[in-house]
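As stored in start_19.cif (mmCIF, C-alpha atoms):
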```
data_input
loop_
_atom_site.label_atom_id
_atom_site.label_comp_id
_atom_site.auth_asym_id
_atom_site.auth_seq_id
_atom_site.Cartn_x
_atom_site.Cartn_y
_atom_site.Cartn_z
CA MET A 1 -3.89 22.52 13.19
CA ASN A 2 -0.29 23.47 14.09
CA ASN A 3 2.29 22.20 11.59
CA ILE A 4 0.46 19.14 10.21
CA LYS A 5 -0.48 20.72 6.90
CA THR A 6 2.88 22.41 6.37
CA ILE A 7 4.70 19.13 6.93
CA ASP A 8 2.18 17.27 4.78
CA ASP A 9 2.80 19.67 1.90
CA TYR A 10 6.54 19.44 2.42
CA LEU A 11 6.70 15.64 2.52
CA LEU A 12 4.33 15.22 -0.40
CA GLY A 13 6.28 17.69 -2.50
CA ASN A 14 3.50 20.25 -2.67
CA THR A 15 5.56 23.12 -1.29
CA ALA A 16 6.79 25.92 -3.56
CA PRO A 17 10.61 25.85 -3.99
CA GLY A 18 11.21 29.04 -1.97
CA ASP A 19 9.00 27.81 0.84
CA THR A 20 10.79 24.47 0.86
CA LEU A 21 14.06 26.19 1.56
CA LEU A 22 12.48 28.28 4.28
CA PHE A 23 10.91 25.23 5.85
CA GLU A 24 14.19 23.34 5.82
CA ALA A 25 15.92 26.29 7.48
CA LYS A 26 13.22 26.30 10.15
CA MET A 27 13.80 22.61 10.76
CA LEU A 28 17.50 23.22 11.28
CA LEU A 29 16.71 25.72 14.00
CA ASN A 30 13.76 23.96 15.58
CA SER A 31 14.27 20.44 16.84
CA ASP A 32 10.56 20.04 17.74
CA LEU A 33 9.61 20.74 14.15
CA ARG A 34 12.25 18.32 12.95
CA GLU A 35 10.89 15.64 15.26
CA ASP A 36 7.31 16.28 14.15
CA MET A 37 8.45 15.89 10.56
CA GLN A 38 10.07 12.55 11.36
CA HIS A 39 7.00 11.31 13.21
CA GLN A 40 4.82 12.37 10.31
CA GLN A 41 7.08 10.54 7.88
CA HIS A 42 6.76 7.46 10.04
CA THR A 43 2.98 7.96 10.06
CA TYR A 44 2.89 7.79 6.25
CA SER A 45 4.92 4.62 6.32
CA ILE A 46 2.42 3.11 8.77
CA ILE A 47 -0.49 4.17 6.57
CA ARG A 48 1.22 2.48 3.61
CA GLN A 49 1.72 -0.71 5.59
CA TYR A 50 -1.91 -0.62 6.67
CA GLY A 51 -3.01 -0.09 3.08
CA ARG A 52 -0.85 -2.94 1.87
CA GLN A 53 -2.21 -5.28 4.49
CA ILE A 54 -5.77 -4.57 3.39
CA ILE A 55 -5.06 -4.76 -0.33
CA LYS A 56 -3.25 -8.04 0.13
CA ALA A 57 -6.21 -9.48 2.05
CA GLU A 58 -8.52 -8.37 -0.78
CA ILE A 59 -6.25 -10.00 -3.35
CA LYS A 60 -6.21 -13.23 -1.34
CA ALA A 61 -10.01 -13.17 -1.24
CA VAL A 62 -10.11 -12.87 -5.04
CA GLN A 63 -7.67 -15.75 -5.32
CA GLN A 64 -9.81 -17.79 -2.97
CA ALA A 65 -12.92 -17.06 -5.04
CA LEU A 66 -11.14 -18.15 -8.23
CA ALA A 67 -10.07 -21.37 -6.56
CA THR A 68 -13.53 -22.26 -5.29
CA GLU A 69 -16.23 -20.76 -7.52
CA PRO A 70 -17.57 -23.13 -10.20
CA GLN A 71 -17.37 -20.63 -13.07
CA TYR A 72 -13.57 -20.49 -12.71
CA LYS A 73 -13.10 -24.24 -12.46
CA SER A 74 -11.61 -24.85 -15.90
CA PHE A 75 -9.48 -21.74 -15.69
CA MET A 76 -7.98 -22.92 -12.40
CA GLN A 77 -7.61 -26.48 -13.63
CA ARG A 78 -5.45 -25.33 -16.53
CA ILE A 79 -3.17 -23.56 -14.05
CA VAL A 80 -3.02 -26.51 -11.69
CA ASN A 81 -2.04 -28.70 -14.67
CA LEU A 82 1.03 -26.54 -15.29
CA PHE A 83 2.47 -27.81 -12.03
CA LYS A 84 1.90 -31.51 -12.68
CA LYS A 85 5.20 -33.16 -13.25
CA MET B 86 -4.53 13.77 -10.46
CA ASN B 87 -4.73 10.20 -11.57
CA ASN B 88 -7.86 8.63 -12.97
CA ASN B 89 -7.27 5.17 -11.66
CA ARG B 90 -8.95 5.50 -8.33
CA LEU B 91 -10.29 2.16 -7.21
CA LEU B 92 -12.28 3.39 -4.28
CA THR B 93 -14.48 0.51 -3.26
CA VAL B 94 -13.83 -3.10 -2.40
CA GLU B 95 -16.10 -4.08 -5.32
CA MET B 96 -14.13 -2.00 -7.81
CA ARG B 97 -10.88 -3.50 -6.59
CA GLU B 98 -12.32 -7.01 -6.65
CA ALA B 99 -13.29 -6.60 -10.31
CA PHE B 100 -9.89 -5.08 -11.08
CA PHE B 101 -7.93 -7.91 -9.44
CA THR B 102 -10.16 -10.65 -10.89
CA ALA B 103 -9.58 -9.30 -14.39
CA LEU B 104 -5.82 -9.22 -13.78
CA TYR B 105 -5.83 -12.79 -12.53
CA LYS B 106 -7.57 -13.91 -15.67
CA LYS B 107 -5.27 -11.87 -17.86
CA ALA B 108 -1.88 -12.64 -16.37
CA PHE B 109 -1.94 -15.42 -13.80
CA PRO B 110 -1.68 -18.26 -16.37
CA ALA B 111 1.50 -16.71 -17.80
CA VAL B 112 2.98 -16.18 -14.34
CA GLY B 113 2.05 -19.73 -13.36
CA ARG B 114 3.70 -21.08 -16.49
CA HIS B 115 6.88 -19.16 -15.72
CA VAL B 116 7.04 -20.28 -12.09
CA ALA B 117 6.31 -23.89 -13.08
CA ARG B 118 9.06 -23.78 -15.70
CA MET B 119 11.47 -22.48 -13.06
CA GLY B 120 10.61 -25.40 -10.82
CA GLY B 121 8.33 -23.54 -8.43
CA SER B 122 5.07 -24.71 -6.92
CA LEU B 123 1.51 -23.47 -7.38
CA GLU B 124 1.64 -21.93 -3.90
CA GLU B 125 4.78 -20.03 -4.82
CA ALA B 126 3.15 -18.81 -8.02
CA GLN B 127 0.17 -17.60 -5.99
CA ASP B 128 2.38 -15.80 -3.47
CA ILE B 129 4.40 -14.16 -6.21
CA PHE B 130 1.26 -13.07 -8.02
CA GLN B 131 -0.24 -11.57 -4.86
CA ASP B 132 2.84 -9.41 -4.37
CA THR B 133 2.87 -8.57 -8.06
CA LEU B 134 -0.67 -7.24 -7.77
CA VAL B 135 0.15 -5.19 -4.68
CA ILE B 136 3.02 -3.53 -6.52
CA TYR B 137 0.88 -2.95 -9.59
CA TYR B 138 -1.95 -1.52 -7.50
CA GLU B 139 0.45 0.93 -5.88
CA LYS B 140 1.66 1.94 -9.30
CA VAL B 141 -1.72 2.55 -10.88
CA THR B 142 -3.06 4.48 -7.90
CA SER B 143 0.01 6.68 -7.53
CA GLU B 144 -0.24 10.23 -8.76
CA ASP B 145 2.46 9.91 -11.37
CA ALA B 146 1.19 6.64 -12.85
CA ASP B 147 2.23 6.18 -16.48
CA ILE B 148 -0.04 4.36 -18.81
CA VAL B 149 0.74 0.67 -19.05
CA VAL B 150 0.11 -0.43 -22.61
CA ASN B 151 0.47 -4.16 -22.14
CA GLU B 152 -0.72 -5.09 -18.67
CA LYS B 153 -0.05 -8.78 -19.08
CA ALA B 154 3.58 -8.25 -20.10
CA TYR B 155 4.03 -5.69 -17.37
CA LEU B 156 2.68 -8.00 -14.65
CA LEU B 157 4.77 -10.87 -15.95
CA GLY B 158 7.82 -8.61 -15.76
CA ILE B 159 7.18 -7.75 -12.11
CA ALA B 160 6.49 -11.41 -11.30
CA LYS B 161 9.71 -12.57 -12.97
CA LYS B 162 11.67 -10.06 -10.97
CA LEU B 163 9.98 -11.11 -7.75
CA TRP B 164 10.61 -14.76 -8.55
CA LEU B 165 14.29 -14.06 -9.10
CA GLN B 166 14.55 -12.26 -5.77
CA HIS B 167 12.59 -15.00 -4.04
CA TYR B 168 14.78 -17.64 -5.62
CA LYS B 169 17.99 -15.84 -4.66
CA ALA B 170 16.82 -15.25 -1.12
CA GLY B 171 15.86 -18.90 -0.87
CA SER B 172 13.02 -17.98 1.41
CA LYS B 173 9.31 -18.22 0.92
CA ASN B 174 8.61 -15.39 3.27
CA GLN B 175 10.72 -12.58 2.06
CA PRO B 176 8.63 -9.52 2.84
CA LEU B 177 7.36 -7.35 0.08
CA ASP B 178 9.09 -4.32 1.56
CA ASP B 179 12.45 -5.71 0.61
CA MET B 180 11.39 -6.00 -2.97
CA ASP B 181 9.81 -2.65 -3.45
CA LEU B 182 12.27 0.00 -4.41
CA GLN B 183 9.85 2.80 -3.70
CA VAL B 184 9.68 2.10 0.00
CA ALA B 185 11.45 4.66 2.13
CA ALA B 186 14.32 3.25 4.09
CA ASP B 187 12.51 4.29 7.17
CA GLU B 188 10.50 1.30 8.35
CA ARG B 189 11.19 1.12 12.03
CA PRO B 190 10.89 -1.81 14.38
CA ALA B 191 7.84 -2.18 16.60
CA THR B 192 5.70 -0.79 13.81
CA GLY B 193 3.72 -4.02 13.77
CA LYS B 194 2.52 -3.50 17.33
CA LEU B 195 1.81 0.14 16.72
CA LEU B 196 -0.15 -0.68 13.59
CA HIS B 197 -2.15 -3.24 15.47
CA TYR B 198 -2.95 -0.67 18.13
CA LEU B 199 -4.03 1.88 15.53
CA GLU B 200 -6.24 -0.66 13.77
CA THR B 201 -8.24 -1.19 16.90
CA ALA B 202 -8.11 2.23 18.54
CA GLY B 203 -8.34 4.42 15.48
CA LYS B 204 -9.87 2.36 12.72
CA LYS B 205 -11.95 5.11 11.17
CA CYS B 206 -8.99 7.44 10.94
CA MET B 207 -6.81 4.72 9.46
CA GLU B 208 -9.49 3.94 6.87
CA LEU B 209 -9.75 7.60 5.92
CA LEU B 210 -5.99 8.09 5.73
CA LYS B 211 -5.61 4.90 3.71
CA ALA B 212 -8.21 6.10 1.21
CA TYR B 213 -6.41 9.38 0.72
CA TYR B 214 -2.73 8.46 0.97
CA TYR B 215 -2.71 4.86 -0.24
CA ASP B 216 -5.69 4.42 -2.57
CA GLY B 217 -5.16 7.84 -4.12
CA ALA B 218 -8.67 9.12 -3.37
CA THR B 219 -9.28 12.84 -3.76
CA VAL B 220 -10.65 14.92 -0.89
CA SER B 221 -14.08 14.93 -2.54
CA ASP B 222 -13.94 11.13 -2.84
CA VAL B 223 -13.14 11.00 0.85
CA ALA B 224 -16.04 13.36 1.63
CA ALA B 225 -18.47 11.11 -0.28
CA GLN B 226 -17.08 7.85 1.02
CA PHE B 227 -16.96 8.85 4.67
CA GLY B 228 -20.08 10.98 4.76
CA TYR B 229 -18.67 14.48 5.16
CA GLY B 230 -20.70 17.46 4.05
CA GLY B 231 -18.07 18.78 1.70
CA ILE B 232 -14.46 19.23 0.77
CA HIS B 233 -13.74 21.56 3.66
CA SER B 234 -14.94 19.24 6.40
CA ALA B 235 -13.25 16.25 4.77
CA THR B 236 -9.97 18.19 4.63
CA VAL B 237 -10.27 19.11 8.30
CA ALA B 238 -11.04 15.48 9.16
CA LYS B 239 -8.03 14.30 7.18
CA TYR B 240 -5.64 16.60 9.02
CA LYS B 241 -7.22 15.79 12.37
CA CYS B 242 -6.72 12.09 11.72
CA LEU B 243 -3.17 12.67 10.61
CA GLU B 244 -2.54 14.63 13.78
CA LYS B 245 -4.09 11.93 15.90
CA VAL B 246 -2.06 9.13 14.35
CA ARG B 247 1.10 11.21 14.41
CA GLY B 248 0.47 11.82 18.11
CA THR B 249 0.26 8.07 18.69
CA VAL B 250 3.44 7.53 16.69
CA LYS B 251 5.17 10.17 18.77
CA LYS B 252 3.96 8.69 22.04
CA ASN B 253 5.09 5.31 20.82
CA SER B 254 8.58 6.56 20.15
CA LEU B 255 8.76 8.16 23.60
CA ARG B 256 7.21 5.28 25.47
CA TYR B 257 8.40 2.44 23.34
CA ALA B 258 7.76 -0.12 26.06
CA ASP B 259 3.98 0.43 26.06
CA PHE B 260 3.66 -1.25 22.72
CA ILE B 261 5.72 -4.26 23.58
CA GLU B 262 4.02 -7.08 25.43
#
```
Rewrite the coordinates I just gave you, this time as structure tokens.
Amino acid sequence: MNNIKTIDDYLLGNTAPGDTLLFEAKMLLNSDLREDMQHQQHTYSIIRQYGRQIIKAEIKAVQQALATEPQYKSFMQRIVNLFKK
Amino acid sequence: MNNNRLLTVEMREAFFTALYKKAFPAVGRHVARMGGSLEEAQDIFQDTLVIYYEKVTSEDADIVVNEKAYLLGIAKKLWLQHYKAGSKNQPLDDMDLQVAADERPATGKLLHYLETAGKKCMELLKAYYYDGATVSDVAAQFGYGGIHSATVAKYKCLEKVRGTVKKNSLRYADFIE
């Protein structure tokens, strides 16, 4: 599994302090490791964007349900009324 | 480990519906008072819920005593930023202080590629890293025999996606039309 787990632990803050120092020293000496770490960091940012995209779609679906389902009609009407000038 | 894992679409639907009922009228009232539209209130509230979701599913989530006041606070802040920016489409990333300063360009294309080519891995990684699922949650949700095989799968997926990210950075042009 090469360095995936080590970098995962490091980036998620699950590395013991002594090992963190050691790992950072290794990164200084090893540009491949440094690059892998950067790519992995980018991977987490992509996973977060993916997660956000899905959560936002789920939230929009809830909003859509509130706007259309009969049991929420009076609830939504009260909100719509707030915007009537 | 946090106890706020909202692992299924149904659980999240119930969670968000309850928050709409609890806090959307107050947010709507605020936006209306500030001269905003219903659509703006809805946009602001969507982003508010994304931020709140990320907070409650994060490992170091504190307990929020008054959810309604908390959500209204986020929404007011978002409204202020939206109002200052004068743009309806200011992305959430700009508003979220927790985001690493490391969002690179061309990520949209890469993400799109990963969604189609590696959907199962993305789902698994999302469950673990974004929704805050534990490895045993992941095992149950994705049908692995146990914690060990789910852990292996998680690292394999991470390796696969990281490989794609790496390839993308080397051959940037492949992901541009």
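The two atoms in question, CA of Ile7 (chain A) and CA of Asp36 (chain A), are spaced 8.2 Å apart.
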Leaving out Leu209 (chain B) and any residue of its chain fewer than 6 positions from it, which residues lie within 8 Å of it when counting all atoms listed in the file, given as a count of residues only? 4
Using all atoms listed in the file, tabulate the residues of chain A lying at most 9 Å from any atom of chain B, each with its closest atom pair and that distance in Å to one decimal, by chain and increasing residue number, as a tab-separated table.
```
residue	atom	partner	partner_atom	distance
A:Met1	CA	B:Tyr240	CA	7.4
A:Ile4	CA	B:Glu244	CA	6.5
A:Lys5	CA	B:Tyr240	CA	6.9
A:Asp8	CA	B:Tyr240	CA	8.9
A:Glu35	CA	B:Lys251	CA	8.7
A:Asp36	CA	B:Lys251	CA	8.0
A:His39	CA	B:Lys251	CA	6.0
A:Gln40	CA	B:Arg247	CA	5.7
A:Gln41	CA	B:Asp187	CA	8.3
A:His42	CA	B:Asp187	CA	7.2
A:Thr43	CA	B:Arg247	CA	5.7
A:Tyr44	CA	B:Tyr214	CA	7.7
A:Ser45	CA	B:Glu188	CA	6.8
A:Ile46	CA	B:Leu196	CA	6.6
A:Ile47	CA	B:Lys211	CA	5.9
A:Arg48	CA	B:Tyr215	CA	6.0
A:Gln49	CA	B:Leu196	CA	8.2
A:Tyr50	CA	B:Leu196	CA	7.1
A:Gly51	CA	B:Lys211	CA	5.7
A:Arg52	CA	B:Val135	CA	7.0
A:Ile55	CA	B:Val135	CA	6.8
A:Lys56	CA	B:Val135	CA	6.5
A:Glu58	CA	B:Glu98	CA	7.1
A:Ile59	CA	B:Gln131	CA	6.4
A:Lys60	CA	B:Gln131	CA	7.1
A:Ala61	CA	B:Glu98	CA	8.5
A:Val62	CA	B:Thr102	CA	6.3
A:Gln63	CA	B:Thr102	CA	8.0
A:Leu66	CA	B:Thr102	CA	8.0
A:Phe75	CA	B:Lys106	CA	8.1
A:Met76	CA	B:Pro110	CA	8.8
A:Arg78	CA	B:Pro110	CA	8.0
A:Ile79	CA	B:Pro110	CA	6.0
A:Val80	CA	B:Leu123	CA	7.0
A:Leu82	CA	B:Arg114	CA	6.2
A:Phe83	CA	B:Ala117	CA	5.6
A:Lys84	CA	B:Ala117	CA	8.8
```
Output as JSON the centre and edge lengths (Å, one decimal) of the box along x, y and z of the file that holds every listed atom of region 142-158 of chain B after adding 8 Å on each side.
```
{"center_x": 2.4, "center_y": -0.3, "center_z": -15.1, "size_x": 26.9, "size_y": 37.1, "size_z": 31.1}
```
Please determine, counting all atoms listed in the file, which residue among A:Gln77, A:Thr6, A:Gln38, A:Gln71 has the shortest atom-to-atom distance to Leu22 (chain A). A:Thr6
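Every residue that the PyMOL selection byres ((chain B and resi 141) around 10) selects in this file is listed here: Asn87, Asn88, Asn89, Arg90, Leu91, Ile136, Tyr137, Tyr138, Glu139, Lys140, Thr142, Ser143, Glu144, Asp145, Ala146, Asp147, Ile148, Val149, Asp216 and Gly217 of chain B.
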To one decimal in Å, tell me the separation between CA of Asn2 (chain A) and CA of Leu33 (chain A). 10.3 Å
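A straight line drawn from CA of Asn3 (chain A) to CA of Gly230 (chain B) is 24.7 Å long.
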Please evaluate the PyMOL selection byres ((chain A and resi 24) around 12) against the structure above and give the resulting residues as a PyMOL selection string. chain A and resi 6-7+10-11+15+17-23+25-31+33-34+37
